[in-house]
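Asker: Next up is a structure, given as structure tokens.
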Number of protein chains: 2
Amino acid sequence: MLALLVNGVECADAAQSISASDRGLNYGDGLFETMLLKQGRVRLLEAHLARLMLGCRRLGIECPDTDLLRAEINRICTGTDAGIVKLVLTRGSSGRGYRPIPDAAATRIIALHESVSAANRSIRVRWCDMRLSRNPALAGMKHLNRLEQVLAQREWNDPQIDEGLMLDSEGELVCATTSNIFIVRGNELATADLRYCGVRGVMRDEVIRLATTLAIPVHEEPLWPEDLETASEVFVTNSIRGLRSVTALEHQTWPCGHVTQALQEALNADA
Amino acid sequence: MLALLVNGVECADAAQSISASDRGLNYGDGLFETMLLKQGRVRLLEAHLARLMLGCRRLGIECPDTDLLRAEINRICTGTDAGIVKLVLTRGSSGRGYRPIPDAAATRIIALHESVSAANRSIRVRWCDMRLSRNPALAGMKHLNRLEQVLAQREWNDPQIDEGLMLDSEGELVCATTSNIFIVRGNELATADLRYCGVRGVMRDEVIRLATTLAIPVHEEPLWPEDLETASEVFVTNSIRGLRSVTALEHQTWPCGHVTQALQEALNADA
């Protein structure tokens with residue numbers, strides 16, 4: 001961690017910065033955003049803030065003024081060209097017990113982290129045994145209840161495998177542990193509709209937007225493992241690593257085809 | 001909060017006691033226990049520690065030595081007769097990203113809280129709209145991913161209603177927001193089997209044990225809302241409030257019958 005702001009206060013030491021009564025710690029009662037700082041600019045900042053605000057409305061968390069969040073993000077990034085900005089917003093501190101205190105002040109935790117090494121443009125993936133549970137009331141949000149993703153990532157250590165694909169409890173293909181998934185069928189795109197679970201990725205929405213500008217139809221629909229068998233190309237998206245072509249899943253292989261390449265180019269041109 | 005120990009260090013101020021990098025905060029990656037301190041003794045301590053250790057094994061968290069946990073719990077309770085001890089154990093701190101660091105040291109957060117006011121022996125309950133999602137890999141554990149319970153408790157403010165009953169995504173009756181549920185049929189007990197979700201309460205297990213000593217058969221099985229219609233008595237259990245008779249759910253009512261009373265007496269005699 002390069003720098004840390006907790007409720008606007010610079011913390012030299014992350015080790016003692018958060019309250020033991022914080023509801024983020026006690027219940028995962030909050031949301032987060034992970035954003036790419038590149039050439040001194042936080043990519044897709046407004047989309048990240050919009051998703052955060054939507055999550056706050058759904059969870060009933062009092063969202064801080066977005067101008068304040070923008071100012072704090074700007075402050076932590078000043079003088080740094082590249083990195084990762086992680087914003088955690090919790091429902092704040094309270095006494096013991098699940099019931100939230102009405103109008104409690106949210107806790108703002110903004111951290112600047114080192115950049116990751118240059119992303120592989122093509123990756124290998126595996127299946128995870130861990131399933132995602134279904135709850136429409138939580139679907140789409142980037143909330144802090146992430147045990148399923150933690151346990152999924154514990155399933156492998158092979159550095160040649162970049163991601164793990166996750167099914168939900170009924171066997172639908174939802175996402176990878178840190179990414180959304182798209183498949184190409186003909187010249188059209190399909191991605192999981194996230195009606196029961198999964199995170200509505202900011203990069204997922206950006207790729208859908210770019211596809212539309214390229215006149216590539218996009219279908220948000222239930223996906224199943226069998227859809228991979230008929231896919232001509234497969235790729236995953238996230239805010240930090242952008243769009244990565246999936247070239248292998250166990251014995252299945254796909255090329256980094258022309259739809260994937262066109263979207264990668266559009267994304268780079270836009271960056 | 002009356003006192004706080006974080007990794008064995010007394011914290012005068014809870015406000016700055018936890019790392020912003022703690023995985024409990026970032027992912028709900030941990031477990032907790034809430035224990036009753038009564039007449040200077042932590043009730044059912046060994047059962048709480050056993051559940052915690054089982055949770056650690058399931059999540060792959062390095063559990064601290066239980067002698068250390070006992071000593072710290074003892075230390076925080078010294079000189080206090082009554083209260084609530086909350087132990088939060090997280091997978092510790094790590095860098096950004098879901099993947100745990102192998103053998104990371106867990107974070108131990110032990111807090112002593114004020115007692116709650118004398119529990120009502122009979123309570124009124126309601127239905128919650130919020131559903132519990134199904135994931136056998138997480139079922140039974142008292143882990144820190146508790147957004148469903150938080151959102152369920154946000155559904156009502158009526159102080160006359162003590163608890164909310166929760167169904168899972170398929171409509172099975174699992175528990176109340178902070179309690180397990182039992183129904184009486186004839187002279188037999190039934191409680192949800194928790195194979196898909198819900199917390200395996202320490203008080204639930206204690207009541208099952210006491211029922212056995214009283215020769216009352218106990219069935220752990222899937223429960224459905226219809227089972228309430230044919231129940232002669234209904235009660236809920238948790239470690240802090242013990243066993244409470246449910247006397248009303250919307251238009252349904254039940255007496256605090258002889259099975260419930262026999263178990264309450266056995267529990268008090270045992271205390």
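Residues in the structure tokens are named by chain (A, B, ... in the order shown) and by number from 1 within that chain; ligands are numbered from 1 in the order shown.
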Among segment 32-268 of chain B, which residues carry a DSSP assignment of alpha helix (DSSP H), reported as a ChimeraX atom specification?
Answerer: /B:45-59,66-77,147-153,202-213,226-229,258-268
Asker: Using only C-alpha atoms and a cut-off of 6 Å, which residues of chain B sit close to chain A? Please list them as a PyMOL selection string.
Answerer: chain B and resi 14-20+24-25+27-29+98-99+133-135+144-147+150+153
Asker: Please write the residues from the selection above to a file, keeping C-alpha atoms, as a compact mmCIF listing (two decimals), in the first residue's frame.
Answerer:
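Here's the written file part-v5.txt:
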```txt
# COMPACT_ATOMS: atom_id res chain seq x y z
CA ALA B 14 -11.56 0.79 19.52
CA ALA B 15 -11.54 3.53 16.89
CA GLN B 16 -8.02 2.85 15.62
CA SER B 17 -7.36 -0.75 16.37
CA ILE B 18 -7.64 -2.73 13.12
CA SER B 19 -5.63 -2.72 9.91
CA ALA B 20 -7.20 -1.38 6.73
CA GLY B 24 -12.17 -9.47 7.69
CA LEU B 25 -12.84 -5.90 6.63
CA TYR B 27 -13.90 -9.67 2.26
CA GLY B 28 -15.68 -10.77 5.42
CA ASP B 29 -12.94 -13.40 5.48
CA TYR B 98 -8.89 -12.41 -2.85
CA ARG B 99 -6.14 -15.03 -2.77
CA SER B 133 -28.85 -17.86 -0.29
CA ARG B 134 -27.83 -21.50 -0.48
CA ASN B 135 -24.21 -22.59 -0.36
CA LEU B 144 -18.41 -12.69 8.66
CA ASN B 145 -20.48 -12.54 5.44
CA ARG B 146 -23.66 -11.29 7.08
CA LEU B 147 -25.25 -8.84 4.66
CA VAL B 150 -28.21 -7.01 8.19
CA GLN B 153 -33.07 -6.66 10.32
```
Asker: List as number ranges by chain the protein and nucleic acid residues near Thr80 of chain A, meaning an atom at most 10 Å away when only C-alpha atoms are counted, but skip any in the same chain fewer than 2 places from it.
Answerer: A: 2, 37-41, 76-78, 82-83, 112
Asker: Limited to C-alpha atoms, could you put the picked residues into a file as a PDB file, in the first residue's frame?
Answerer:
```pdb
ATOM      1  CA  LEU A   2       1.457   3.361  -1.030  1.00  0.00           C
ATOM      2  CA  LEU A  37      -4.770   4.836 -12.169  1.00  0.00           C
ATOM      3  CA  LYS A  38      -3.029   5.207 -15.510  1.00  0.00           C
ATOM      4  CA  GLN A  39      -1.125   8.213 -16.829  1.00  0.00           C
ATOM      5  CA  GLY A  40      -2.259  10.139 -13.794  1.00  0.00           C
ATOM      6  CA  ARG A  41      -5.944   9.553 -14.457  1.00  0.00           C
ATOM      7  CA  ILE A  76      -4.321  10.250  -2.841  1.00  0.00           C
ATOM      8  CA  CYS A  77      -3.315  10.028  -6.515  1.00  0.00           C
ATOM      9  CA  THR A  78      -1.553  13.407  -6.719  1.00  0.00           C
ATOM     10  CA  ALA A  82       0.169   4.640 -12.226  1.00  0.00           C
ATOM     11  CA  GLY A  83      -1.337   2.429  -9.582  1.00  0.00           C
ATOM     12  CA  LEU A 112      -3.393   3.633  -3.301  1.00  0.00           C
TER      13      LEU A 112
END
```
Asker: What's around Leu249 of chain B at 12 Å? Count only C-alpha atoms, leave out sequence neighbours fewer than 5 positions away in its own chain, and write the answer as a list in words.
Answerer: Ser122, Ile123, Arg124, Val125, Arg126, Trp127, Cys128, Gln160, Ile161, Asp162, Glu163, Gly164, Leu165, Ala176, Pro225, Leu228, Glu229, Glu233, Val234, Phe235, Trp254 and Pro255 of chain B
Asker: Excluding same-chain residues fewer than 6 positions from Met203 of chain B, what lies within 10 Å of it counting only C-alpha atoms, as a count of residues only?
Answerer: 16
Asker: Find the residue from B:Arg244, B:Lys142, B:Leu45, B:Asp227 that sits nearest to Cys256 of chain B; use only C-alpha atoms when measuring.
Answerer: B:Arg244
